[in-house]
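File shown: upload.pdb. Contents: PDB, C-alpha atoms.
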```
ATOM      1  CA  MET K 948     -17.995 -25.344  29.740
ATOM      2  CA  ARG K 949     -16.691 -28.657  28.452
ATOM      3  CA  VAL K 950     -15.284 -29.953  25.172
ATOM      4  CA  SER K 951     -15.462 -33.483  23.779
ATOM      5  CA  VAL K 952     -13.794 -34.818  20.642
ATOM      6  CA  LEU K 953     -15.900 -37.170  18.516
ATOM      7  CA  GLY K 954     -12.828 -37.944  16.435
ATOM      8  CA  THR K 955      -9.958 -36.011  14.901
ATOM      9  CA  GLY K 956      -7.547 -36.757  12.076
ATOM     10  CA  SER K 957      -7.312 -36.960   8.312
ATOM     11  CA  ARG K 958     -10.401 -39.209   8.100
ATOM     12  CA  GLY K 959     -12.762 -36.940  10.008
ATOM     13  CA  ASN K 960     -13.016 -34.202  12.610
ATOM     14  CA  ALA K 961     -15.814 -33.116  14.945
ATOM     15  CA  MET K 962     -15.860 -31.608  18.438
ATOM     16  CA  LEU K 963     -18.664 -30.887  20.868
ATOM     17  CA  VAL K 964     -18.630 -27.708  22.947
ATOM     18  CA  ASP K 965     -21.065 -28.106  25.846
ATOM     19  CA  ALA K 966     -21.958 -25.002  27.833
ATOM     20  CA  GLY K 967     -24.915 -26.439  29.712
ATOM     21  CA  GLY K 968     -27.928 -25.017  27.913
ATOM     22  CA  THR K 969     -25.955 -24.477  24.702
ATOM     23  CA  ARG K 970     -24.237 -27.175  22.685
ATOM     24  CA  ILE K 971     -22.175 -26.388  19.579
ATOM     25  CA  LEU K 972     -20.655 -28.903  17.183
ATOM     26  CA  VAL K 973     -17.408 -27.685  15.649
ATOM     27  CA  ASP K 974     -16.919 -29.382  12.268
ATOM     28  CA  ALA K 975     -18.781 -32.363  10.864
ATOM     29  CA  GLY K 976     -16.181 -34.435   9.079
ATOM     30  CA  PHE K 977     -18.093 -37.717   9.388
ATOM     31  CA  GLY K 978     -21.290 -39.070   7.892
ATOM     32  CA  VAL K 979     -24.504 -38.553   9.834
ATOM     33  CA  ARG K 980     -24.634 -42.129  11.152
ATOM     34  CA  THR K 981     -21.132 -41.877  12.574
ATOM     35  CA  ILE K 982     -21.889 -38.446  14.045
ATOM     36  CA  ALA K 983     -25.008 -39.842  15.718
ATOM     37  CA  GLN K 984     -23.143 -42.891  17.012
ATOM     38  CA  ARG K 985     -20.285 -40.907  18.489
ATOM     39  CA  LEU K 986     -22.593 -38.325  20.020
ATOM     40  CA  ALA K 987     -24.457 -41.205  21.653
ATOM     41  CA  GLN K 988     -21.175 -42.478  23.103
ATOM     42  CA  LEU K 989     -20.775 -39.020  24.637
ATOM     43  CA  GLY K 990     -24.325 -39.038  25.992
ATOM     44  CA  CYS K 991     -25.510 -36.284  23.658
ATOM     45  CA  ALA K 992     -28.680 -36.363  21.528
ATOM     46  CA  PRO K 993     -28.150 -34.683  18.125
ATOM     47  CA  GLU K 994     -31.414 -32.784  18.627
ATOM     48  CA  SER K 995     -29.894 -31.027  21.649
ATOM     49  CA  ILE K 996     -27.200 -29.310  19.575
ATOM     50  CA  SER K 997     -27.798 -25.594  19.030
ATOM     51  CA  ALA K 998     -25.574 -24.997  15.982
ATOM     52  CA  LEU K 999     -22.830 -26.347  13.743
ATOM     53  CA  VAL K1000     -19.741 -24.172  13.261
ATOM     54  CA  LEU K1001     -17.217 -24.998  10.510
ATOM     55  CA  THR K1002     -13.507 -24.257  10.482
ATOM     56  CA  HIS K1003     -13.323 -24.750   6.694
ATOM     57  CA  GLU K1004     -14.714 -26.736   3.788
ATOM     58  CA  HIS K1005     -12.272 -29.657   3.461
ATOM     59  CA  VAL K1006     -13.944 -33.059   3.396
ATOM     60  CA  ASP K1007     -12.471 -34.237   6.692
ATOM     61  CA  HIS K1008     -14.129 -31.269   8.414
ATOM     62  CA  ALA K1009     -17.298 -30.672   6.425
ATOM     63  CA  GLN K1010     -18.490 -33.778   4.587
ATOM     64  CA  GLY K1011     -21.407 -34.281   6.992
ATOM     65  CA  ALA K1012     -22.279 -30.616   7.462
ATOM     66  CA  ILE K1013     -25.189 -30.174   5.080
ATOM     67  CA  PRO K1014     -26.734 -33.652   5.656
ATOM     68  CA  ALA K1015     -26.487 -33.275   9.451
ATOM     69  CA  CYS K1016     -27.961 -29.771   9.427
ATOM     70  CA  ALA K1017     -30.784 -30.951   7.200
ATOM     71  CA  ARG K1018     -31.490 -33.989   9.376
ATOM     72  CA  TRP K1019     -31.407 -32.273  12.766
ATOM     73  CA  GLY K1020     -32.270 -28.679  11.869
ATOM     74  CA  TRP K1021     -28.992 -27.158  13.017
ATOM     75  CA  PRO K1022     -28.164 -23.636  11.837
ATOM     76  CA  LEU K1023     -24.787 -23.495  10.090
ATOM     77  CA  PHE K1024     -22.124 -20.903  10.996
ATOM     78  CA  ALA K1025     -19.085 -20.339   8.762
ATOM     79  CA  THR K1026     -17.313 -17.607   6.854
ATOM     80  CA  SER K1027     -18.790 -16.521   3.521
ATOM     81  CA  ALA K1028     -15.852 -18.018   1.630
ATOM     82  CA  THR K1029     -16.349 -21.386   3.352
ATOM     83  CA  LEU K1030     -20.113 -21.365   2.775
ATOM     84  CA  ALA K1031     -19.511 -20.679  -0.924
ATOM     85  CA  GLN K1032     -17.618 -23.983  -1.232
ATOM     86  CA  LEU K1033     -20.465 -26.092   0.178
ATOM     87  CA  PRO K1034     -23.578 -27.427  -1.523
ATOM     88  CA  THR K1035     -26.490 -25.020  -1.274
ATOM     89  CA  PRO K1036     -27.813 -25.539   2.256
ATOM     90  CA  ILE K1037     -31.500 -25.967   2.996
ATOM     91  CA  VAL K1038     -31.064 -24.804   6.588
ATOM     92  CA  PRO K1039     -30.437 -21.381   8.136
ATOM     93  CA  VAL K1040     -26.879 -20.133   7.667
ATOM     94  CA  ARG K1041     -24.935 -17.402   9.412
ATOM     95  CA  ALA K1042     -21.937 -15.883   7.666
ATOM     96  CA  ILE K1043     -19.346 -14.943  10.265
ATOM     97  CA  THR K1044     -16.494 -12.473   9.926
ATOM     98  CA  HIS K1045     -13.051 -12.858  11.450
ATOM     99  CA  GLY K1046     -12.566 -10.767  14.548
ATOM    100  CA  GLN K1047     -16.277 -10.053  15.012
ATOM    101  CA  SER K1048     -18.157 -11.826  17.790
ATOM    102  CA  TRP K1049     -21.452 -13.678  17.391
ATOM    103  CA  SER K1050     -23.547 -15.704  19.766
ATOM    104  CA  VAL K1051     -25.234 -19.085  20.013
ATOM    105  CA  GLY K1052     -27.365 -19.295  23.137
ATOM    106  CA  ASP K1053     -25.198 -18.232  26.052
ATOM    107  CA  VAL K1054     -21.917 -18.768  24.167
ATOM    108  CA  ILE K1055     -20.062 -15.964  22.403
ATOM    109  CA  GLY K1056     -17.893 -17.086  19.499
ATOM    110  CA  THR K1057     -15.142 -15.251  17.660
ATOM    111  CA  SER K1058     -13.284 -16.549  14.609
ATOM    112  CA  TYR K1059      -9.707 -15.779  13.582
ATOM    113  CA  ALA K1060      -8.110 -16.368  10.194
ATOM    114  CA  VAL K1061      -5.425 -19.049  10.127
ATOM    115  CA  PRO K1062      -3.166 -20.101   7.226
ATOM    116  CA  HIS K1063      -4.286 -23.304   5.522
ATOM    117  CA  ASP K1064      -4.836 -24.308   1.906
ATOM    118  CA  ALA K1065      -8.586 -23.779   2.143
ATOM    119  CA  SER K1066     -10.787 -20.872   1.125
ATOM    120  CA  ASP K1067     -10.832 -19.166   4.530
ATOM    121  CA  CYS K1068      -9.825 -21.363   7.461
ATOM    122  CA  SER K1069     -10.867 -20.321  10.978
ATOM    123  CA  ALA K1070      -9.702 -20.807  14.534
ATOM    124  CA  PHE K1071     -12.248 -20.084  17.264
ATOM    125  CA  VAL K1072     -12.525 -18.756  20.779
ATOM    126  CA  PHE K1073     -15.749 -19.619  22.606
ATOM    127  CA  GLU K1074     -16.689 -17.788  25.798
ATOM    128  CA  GLN K1075     -19.527 -18.798  28.074
ATOM    129  CA  GLN K1076     -21.494 -15.807  29.248
ATOM    130  CA  GLY K1077     -21.871 -15.656  32.998
ATOM    131  CA  SER K1078     -18.944 -17.886  33.934
ATOM    132  CA  GLY K1079     -16.534 -16.174  31.536
ATOM    133  CA  GLU K1080     -14.865 -19.516  30.722
ATOM    134  CA  ARG K1081     -12.902 -19.451  27.454
ATOM    135  CA  LEU K1082     -12.083 -22.271  25.051
ATOM    136  CA  GLY K1083      -9.737 -21.902  22.080
ATOM    137  CA  ILE K1084      -9.756 -24.296  19.099
ATOM    138  CA  ALA K1085      -7.117 -24.137  16.347
ATOM    139  CA  LEU K1086      -7.121 -26.905  13.744
ATOM    140  CA  ASP K1087      -5.496 -27.103  10.301
ATOM    141  CA  LEU K1088      -2.932 -24.309  10.156
ATOM    142  CA  GLY K1089       0.484 -24.404   8.545
ATOM    143  CA  HIS K1090       1.969 -21.886  10.931
ATOM    144  CA  VAL K1091       0.802 -19.751  13.839
ATOM    145  CA  PRO K1092       0.040 -16.189  12.726
ATOM    146  CA  GLU K1093       1.417 -13.416  14.922
ATOM    147  CA  SER K1094      -2.065 -12.347  16.033
ATOM    148  CA  LEU K1095      -3.214 -15.760  17.299
ATOM    149  CA  PRO K1096      -1.345 -16.025  20.634
ATOM    150  CA  SER K1097      -2.863 -12.741  21.810
ATOM    151  CA  ALA K1098      -6.337 -13.874  20.685
ATOM    152  CA  PHE K1099      -5.804 -17.082  22.691
ATOM    153  CA  GLU K1100      -4.720 -15.349  25.898
ATOM    154  CA  ARG K1101      -6.257 -16.355  29.224
ATOM    155  CA  LEU K1102      -7.978 -19.494  28.001
ATOM    156  CA  ASP K1103      -9.393 -22.085  30.372
ATOM    157  CA  MET K1104      -9.119 -24.858  27.752
ATOM    158  CA  LEU K1105      -7.129 -25.161  24.543
ATOM    159  CA  VAL K1106      -7.450 -27.526  21.572
ATOM    160  CA  VAL K1107      -4.580 -27.359  19.056
ATOM    161  CA  GLU K1108      -3.541 -29.589  16.194
ATOM    162  CA  ALA K1109      -0.232 -31.439  16.537
ATOM    163  CA  ASN K1110      -0.321 -33.161  13.189
ATOM    164  CA  HIS K1111       3.102 -34.654  12.629
ATOM    165  CA  ASP K1112       6.625 -35.227  13.800
ATOM    166  CA  LEU K1113       8.670 -33.526  11.079
ATOM    167  CA  GLU K1114      11.415 -36.152  10.925
ATOM    168  CA  GLN K1115       8.868 -38.953  10.779
ATOM    169  CA  LEU K1116       6.968 -37.132   8.019
ATOM    170  CA  MET K1117      10.105 -36.655   5.904
ATOM    171  CA  ALA K1118      11.199 -40.291   6.356
ATOM    172  CA  GLY K1119       7.705 -41.714   5.918
ATOM    173  CA  PRO K1120       5.850 -43.280   2.993
ATOM    174  CA  TYR K1121       3.959 -40.242   1.686
ATOM    175  CA  PRO K1122       4.754 -38.935  -1.830
ATOM    176  CA  TRP K1123       7.060 -35.918  -1.848
ATOM    177  CA  MET K1124       4.356 -33.495  -2.994
ATOM    178  CA  LEU K1125       2.120 -34.516  -0.071
ATOM    179  CA  LYS K1126       5.013 -34.192   2.377
ATOM    180  CA  LYS K1127       5.700 -30.737   0.971
ATOM    181  CA  ARG K1128       2.053 -29.707   1.328
ATOM    182  CA  ILE K1129       1.741 -30.950   4.927
ATOM    183  CA  GLY K1130       4.965 -29.258   6.003
ATOM    184  CA  SER K1131       4.273 -25.976   4.212
ATOM    185  CA  SER K1132       3.202 -22.686   5.769
ATOM    186  CA  THR K1133      -0.374 -23.459   4.678
ATOM    187  CA  GLY K1134      -0.334 -27.117   5.665
ATOM    188  CA  HIS K1135      -0.416 -28.535   9.203
ATOM    189  CA  LEU K1136       1.345 -27.811  12.485
ATOM    190  CA  SER K1137       4.145 -30.121  13.534
ATOM    191  CA  ASN K1138       4.524 -31.245  17.135
ATOM    192  CA  ALA K1139       7.277 -28.668  17.623
ATOM    193  CA  GLN K1140       5.182 -25.822  16.192
ATOM    194  CA  ALA K1141       2.205 -26.809  18.326
ATOM    195  CA  ALA K1142       4.440 -27.011  21.399
ATOM    196  CA  THR K1143       5.801 -23.493  20.847
ATOM    197  CA  PHE K1144       2.283 -22.110  20.407
ATOM    198  CA  ILE K1145       0.926 -23.903  23.480
ATOM    199  CA  ALA K1146       3.844 -22.699  25.589
ATOM    200  CA  ALA K1147       3.096 -19.139  24.459
ATOM    201  CA  CYS K1148      -0.528 -19.580  25.630
ATOM    202  CA  ALA K1149       0.451 -21.040  29.001
ATOM    203  CA  HIS K1150      -0.789 -19.417  32.193
ATOM    204  CA  LYS K1151      -1.856 -20.761  35.550
ATOM    205  CA  GLY K1152      -5.562 -20.667  34.668
ATOM    206  CA  LEU K1153      -5.188 -22.984  31.664
ATOM    207  CA  ARG K1154      -6.835 -26.162  32.925
ATOM    208  CA  ALA K1155      -6.780 -28.519  29.937
ATOM    209  CA  ILE K1156      -4.803 -28.890  26.701
ATOM    210  CA  VAL K1157      -6.042 -31.249  23.970
ATOM    211  CA  LEU K1158      -3.816 -32.180  21.029
ATOM    212  CA  ALA K1159      -5.843 -32.854  17.885
ATOM    213  CA  HIS K1160      -5.542 -33.916  14.237
ATOM    214  CA  LEU K1161      -2.614 -36.273  14.895
ATOM    215  CA  SER K1162      -1.448 -38.155  11.817
ATOM    216  CA  GLU K1163      -1.763 -41.917  12.202
ATOM    217  CA  THR K1164       1.195 -42.319   9.815
ATOM    218  CA  ASN K1165       3.552 -39.518  10.819
ATOM    219  CA  ASN K1166       2.978 -39.142  14.552
ATOM    220  CA  THR K1167       2.073 -40.909  17.771
ATOM    221  CA  PRO K1168       0.211 -39.611  20.834
ATOM    222  CA  GLU K1169       3.311 -40.275  22.940
ATOM    223  CA  GLN K1170       5.528 -38.181  20.648
ATOM    224  CA  ALA K1171       3.070 -35.298  20.543
ATOM    225  CA  VAL K1172       2.473 -35.192  24.302
ATOM    226  CA  HIS K1173       6.199 -35.518  25.038
ATOM    227  CA  THR K1174       7.139 -32.656  22.691
ATOM    228  CA  VAL K1175       4.510 -30.342  24.150
ATOM    229  CA  GLY K1176       5.413 -31.328  27.707
ATOM    230  CA  ARG K1177       9.082 -30.609  27.098
ATOM    231  CA  ALA K1178       8.287 -27.129  25.740
ATOM    232  CA  LEU K1179       6.073 -26.356  28.721
ATOM    233  CA  ALA K1180       8.672 -27.586  31.222
ATOM    234  CA  ALA K1181      11.303 -25.359  29.623
ATOM    235  CA  ARG K1182       9.168 -22.251  29.929
ATOM    236  CA  GLY K1183       9.140 -22.002  33.718
ATOM    237  CA  ARG K1184       7.299 -23.133  36.813
ATOM    238  CA  VAL K1185       3.795 -21.981  35.807
ATOM    239  CA  ALA K1186       3.979 -23.605  32.372
ATOM    240  CA  ALA K1187       5.645 -26.744  33.730
ATOM    241  CA  ALA K1188       2.670 -27.276  36.030
ATOM    242  CA  LEU K1189       0.500 -27.730  32.927
ATOM    243  CA  VAL K1190       2.370 -30.796  31.635
ATOM    244  CA  SER K1191      -0.010 -33.202  33.384
ATOM    245  CA  ARG K1192      -2.982 -31.482  31.727
ATOM    246  CA  VAL K1193      -1.970 -32.402  28.157
ATOM    247  CA  VAL K1194      -3.910 -35.180  26.412
ATOM    248  CA  ALA K1195      -3.964 -36.364  22.797
ATOM    249  CA  ALA K1196      -7.294 -36.995  21.062
ATOM    250  CA  SER K1197      -7.856 -39.907  18.684
ATOM    251  CA  GLN K1198      -9.230 -40.457  15.217
ATOM    252  CA  ARG K1199     -11.115 -43.575  16.246
ATOM    253  CA  VAL K1200     -12.206 -43.162  19.872
ATOM    254  CA  PRO K1201     -14.204 -40.237  21.311
ATOM    255  CA  LEU K1202     -12.512 -38.235  24.053
ATOM    256  CA  GLY K1203     -14.283 -36.257  26.719
ATOM    257  CA  PRO K1204     -15.707 -34.425  28.299
ATOM    258  CA  VAL K1205     -12.642 -32.333  29.043
ATOM    259  CA  SER K1206     -12.915 -29.539  31.585
ATOM    260  CA  GLY K1207     -11.151 -28.206  34.621
ATOM    261  CA  HIS K1208     -13.569 -29.849  37.012
ATOM    262  CA  GLY K1209     -13.125 -33.563  36.481
ATOM    263  CA  ALA K1210     -11.126 -36.322  34.858
ATOM    264  CA  VAL K1211     -10.757 -36.682  31.121
ATOM    265  CA  VAL K1212     -12.793 -39.620  29.865
ATOM    266  CA  VAL K1213     -11.648 -41.719  26.911
ATOM    267  CA  ARG K1214     -14.554 -43.733  25.572
ATOM    268  CA  ALA K1215     -14.150 -47.458  24.918
ATOM    269  CA  PRO K1216     -13.966 -48.470  21.247
ATOM    270  CA  GLN K1217     -17.244 -49.622  19.756
ATOM    271  CA  LEU K1218     -18.305 -50.964  16.393
ATOM    272  CA  GLU K1219     -17.764 -48.298  13.732
ATOM    273  CA  LEU K1220     -20.621 -47.461  11.421
ATOM    274  CA  SER K1221     -19.920 -46.688   7.783
ATOM    275  CA  LEU K1222     -19.767 -43.083   6.614
TER     276      LEU K1222
END
```
Now that the file is in, can you turn its structure into C-alpha cells?
Amino acid sequence: MRVSVLGTGSRGNAMLVDAGGTRILVDAGFGVRTIAQRLAQLGCAPESISALVLTHEHVDHAQGAIPACARWGWPLFATSATLAQLPTPIVPVRAITHGQSWSVGDVIGTSYAVPHDASDCSAFVFEQQGSGERLGIALDLGHVPESLPSAFERLDMLVVEANHDLEQLMAGPYPWMLKKRIGSSTGHLSNAQAATFIAACAHKGLRAIVLAHLSETNNTPEQAVHTVGRALAARGRVAAALVSRVVAASQRVPLGPVSGHGAVVVRAPQLELSL
C-alpha cells in the first residue's frame, strides 16, 4: 500500500491511497481540473479510482467532491453529518459510522471522530487485506483525543497534520479571532502537538511519516520536521530511528508515492490550472 499527496494546506487537500487493485482518494479540496492534473503527475487516471472518502465538509477538503464524483462516477463515503452539509449528490453515497469498518475493494477502512469545528470530522485507518498493511490519516483536529493513539497503533504509514508553529502563529499577521480559532481545541494541531502524537504512535514497524496541512504563513517544512524529529529522538532508540522517515507534504507540489519499499518522490512543479 502506498500514499501520495496531491496537495495539502488551507487552499486544498487531497490524498491518494493506492493498494494495487484499489485506489481511494481521501478528500477533494480542489477543482476537478486540478485534481485531474495532479493525479496525472502521480501517474494515476481518475477513472481508476474506486471511491472518494471525505474527512469533513470544509471547502479545502470537499469543494471538488460532488463535481469529481459526478464526472468520474466515484462512490462517496462520509459520515451522515458530513453528507448532510454537501449539495445533494447524484452518485452513490455510503454513510459511514465512527468505529465501524467498511470496505472498498481489498481495503478495509475505519473512521474515528476527531475534534474540529466541522459537523463530524473523521480520521481514518486503512488496512489492505492480505498484506495487513495499515495507514493512518489524521487531518484537521484541534487536539488528539485519548482514543486516537490506540486506534493508530501498529501502523506502517502515518499522515498527520502539523499545521502551525504556535509562536509564529501568535506573532503572525492573522486577525486575533482567526489565531484563536486555529489554536483552539477544535482548530488545528501545532507542530508540538503533532510531534507528541507521532511519538506516541512510534514503533519499529512504522516505515513512513508524512506531515500534512502545513500553514504557508505560520509554519515551514523545516520547523515541522525538526519538531517531530526532536520528539522522536527523545523517546528512545526505536523512535529515534524513525527521524529519517519524516517528510513534510506541500500545498503546491504533489508528494509520493510514499511507502516502506522505496524512496519518497517529490514531483517537479508544473503549471497550475485554475480551480
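Among the candidates K:Arg1177, K:Leu1125, K:Gly959, K:Gln1140, the one nearest to K:Ser1191 when counting only C-alpha atoms is K:Arg1177.
Restricting the calculation to all atoms listed in the file, the smallest distance between K:Asp1103 and any of K:Ala1085, K:Ala1180, K:Ala1015, K:Val950 is found for K:Val950.
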List the spatial neighbours of stretch 1170-1173 of chain K as a JSON list (two decimals) with C-alpha atoms, keeping the file's coordinate frame - criterion: any atom at most 7 Å away, only C-alpha atoms, same-chain residues fewer than 2 positions off excluded.
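Everything below was put into out21.json:
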```json
[["chain", "number", "residue", "atom", "x", "y", "z"],
["K", 1109, "ALA", "CA", -0.23, -31.44, 16.54],
["K", 1138, "ASN", "CA", 4.52, -31.24, 17.14],
["K", 1166, "ASN", "CA", 2.98, -39.14, 14.55],
["K", 1167, "THR", "CA", 2.07, -40.91, 17.77],
["K", 1168, "PRO", "CA", 0.21, -39.61, 20.83],
["K", 1175, "VAL", "CA", 4.51, -30.34, 24.15],
["K", 1176, "GLY", "CA", 5.41, -31.33, 27.71],
["K", 1177, "ARG", "CA", 9.08, -30.61, 27.10],
["K", 1193, "VAL", "CA", -1.97, -32.40, 28.16],
["K", 1194, "VAL", "CA", -3.91, -35.18, 26.41],
["K", 1195, "ALA", "CA", -3.96, -36.36, 22.80]]
```
Query raised in the report: Can you list what the PyMOL selection byres ((chain K and resi 967) around 12) grabs from this structure, as a ChimeraX atom specification?
Result: /K:948-950,963-966,968-971,991,995-997,1052-1054,1075-1078
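Of the residues under consideration (K:Ala1012, K:Ala1025, K:Leu1161, K:Ile1037), K:Ala1025 shows the shortest atom-to-atom contact distance to K:Ala1070 when counting all atoms listed in the file.
Considering the residues K:Ala1118, K:Trp1123, K:Ile1084, K:Glu1004 and counting all atoms listed in the file, K:His1160 has its shortest atom-to-atom contact with K:Ile1084.
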Listing only residues of stretch 975-1084 of chain K within 10 Å of stretch 1144-1157 of chain K, what is the closest atom pair and its distance in Å (to one decimal) for each, using all atoms listed in the file, sorted by chain and residue number ascending, as a tab-separated table?
```
residue	atom	partner	partner_atom	distance
K:Arg1081	CA	K:Leu1153	CA	9.5
K:Leu1082	CA	K:Ala1155	CA	9.5
K:Gly1083	CA	K:Ile1156	CA	9.7
K:Ile1084	CA	K:Val1157	CA	9.3
```
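The spacing separating atom CA of K:Val1006 from atom CA of K:Gly976 amounts to 6.3 Å.
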Mind listing whatever residues come within 10 Å of the point (-14.3, -15.1, 15.3)? Use only C-alpha atoms, file coordinates, and give them as an mmCIF file with C-alpha atoms, in the frame of the given file.
```
data_model
loop_
_atom_site.group_PDB
_atom_site.id
_atom_site.type_symbol
_atom_site.label_atom_id
_atom_site.label_comp_id
_atom_site.auth_asym_id
_atom_site.auth_seq_id
_atom_site.Cartn_x
_atom_site.Cartn_y
_atom_site.Cartn_z
ATOM 1 C CA ALA K 1025 -19.085 -20.339 8.762
ATOM 2 C CA THR K 1026 -17.313 -17.607 6.854
ATOM 3 C CA ILE K 1043 -19.346 -14.943 10.265
ATOM 4 C CA THR K 1044 -16.494 -12.473 9.926
ATOM 5 C CA HIS K 1045 -13.051 -12.858 11.450
ATOM 6 C CA GLY K 1046 -12.566 -10.767 14.548
ATOM 7 C CA GLN K 1047 -16.277 -10.053 15.012
ATOM 8 C CA SER K 1048 -18.157 -11.826 17.790
ATOM 9 C CA TRP K 1049 -21.452 -13.678 17.391
ATOM 10 C CA ILE K 1055 -20.062 -15.964 22.403
ATOM 11 C CA GLY K 1056 -17.893 -17.086 19.499
ATOM 12 C CA THR K 1057 -15.142 -15.251 17.660
ATOM 13 C CA SER K 1058 -13.284 -16.549 14.609
ATOM 14 C CA TYR K 1059 -9.707 -15.779 13.582
ATOM 15 C CA ALA K 1060 -8.110 -16.368 10.194
ATOM 16 C CA SER K 1069 -10.867 -20.321 10.978
ATOM 17 C CA ALA K 1070 -9.702 -20.807 14.534
ATOM 18 C CA PHE K 1071 -12.248 -20.084 17.264
ATOM 19 C CA VAL K 1072 -12.525 -18.756 20.779
ATOM 20 C CA PHE K 1073 -15.749 -19.619 22.606
ATOM 21 C CA ALA K 1098 -6.337 -13.874 20.685
#
```
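Nearest residue to K:His1005, choosing from K:Thr955, K:Asn960, K:Ser1027, K:Ser1131 and counting all atoms listed in the file: K:Asn960.
Shell of K:Ala961 at 10 Å, with all atoms listed in the file counted and residues fewer than 6 places along the chain excluded, is Ser951, Val952, Leu953, Gly954, Thr955, Leu972, Val973, Asp974, Ala975, Gly976, Phe977, Ile982, Arg985, Leu986, Leu999, Val1000, Leu1001, Asp1007, His1008, Ala1009, Gly1011, Gln1198 and Pro1201 of chain K.
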Restricting it to C-alpha atoms, dump the selection as a tab-separated table (two decimals), keeping the file's coordinate frame.
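Saved the output as result_36.tsv:
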```tsv
chain	number	residue	atom	x	y	z
K	951	SER	CA	-15.46	-33.48	23.78
K	952	VAL	CA	-13.79	-34.82	20.64
K	953	LEU	CA	-15.90	-37.17	18.52
K	954	GLY	CA	-12.83	-37.94	16.43
K	955	THR	CA	-9.96	-36.01	14.90
K	972	LEU	CA	-20.66	-28.90	17.18
K	973	VAL	CA	-17.41	-27.68	15.65
K	974	ASP	CA	-16.92	-29.38	12.27
K	975	ALA	CA	-18.78	-32.36	10.86
K	976	GLY	CA	-16.18	-34.44	9.08
K	977	PHE	CA	-18.09	-37.72	9.39
K	982	ILE	CA	-21.89	-38.45	14.04
K	985	ARG	CA	-20.28	-40.91	18.49
K	986	LEU	CA	-22.59	-38.33	20.02
K	999	LEU	CA	-22.83	-26.35	13.74
K	1000	VAL	CA	-19.74	-24.17	13.26
K	1001	LEU	CA	-17.22	-25.00	10.51
K	1007	ASP	CA	-12.47	-34.24	6.69
K	1008	HIS	CA	-14.13	-31.27	8.41
K	1009	ALA	CA	-17.30	-30.67	6.42
K	1011	GLY	CA	-21.41	-34.28	6.99
K	1198	GLN	CA	-9.23	-40.46	15.22
K	1201	PRO	CA	-14.20	-40.24	21.31
```
Report task. For K:Val1091, list every protein, DNA or RNA residue within 9 Å, evaluated using all atoms listed in the file, and leave out those in the same chain fewer than 2 positions away; present the list as a VMD selection string. Result -> chain K and resid 1061 to 1062 1088 to 1089 1093 to 1096 1132 1136 1140 to 1141 1144
Report summary line: The distance between atom CA of K:Gln984 and atom CA of K:Thr1002 is 22.0 Å
Requested in this report: Rounded to one decimal place, report the atom CA of K:Met1124-atom CA of K:Ser1162 distance in Å.
Outcome: 16.6 Å
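With distances restricted to all atoms listed in the file, K:Thr1164 is the closest residue to K:Gly1119 from K:Ser1097, K:Ser1066, K:Thr1164, K:Gln988.
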Enclose stretch 999-1004 of chain K, meaning all of its atoms listed in the file, in a box aligned along x, y and z, pad it by 3 Å on each side, and list the centre and edge lengths in Å to one decimal, as JSON.
```
{"center_x": -18.1, "center_y": -25.5, "center_z": 8.8, "size_x": 15.5, "size_y": 8.6, "size_z": 16.0}
```
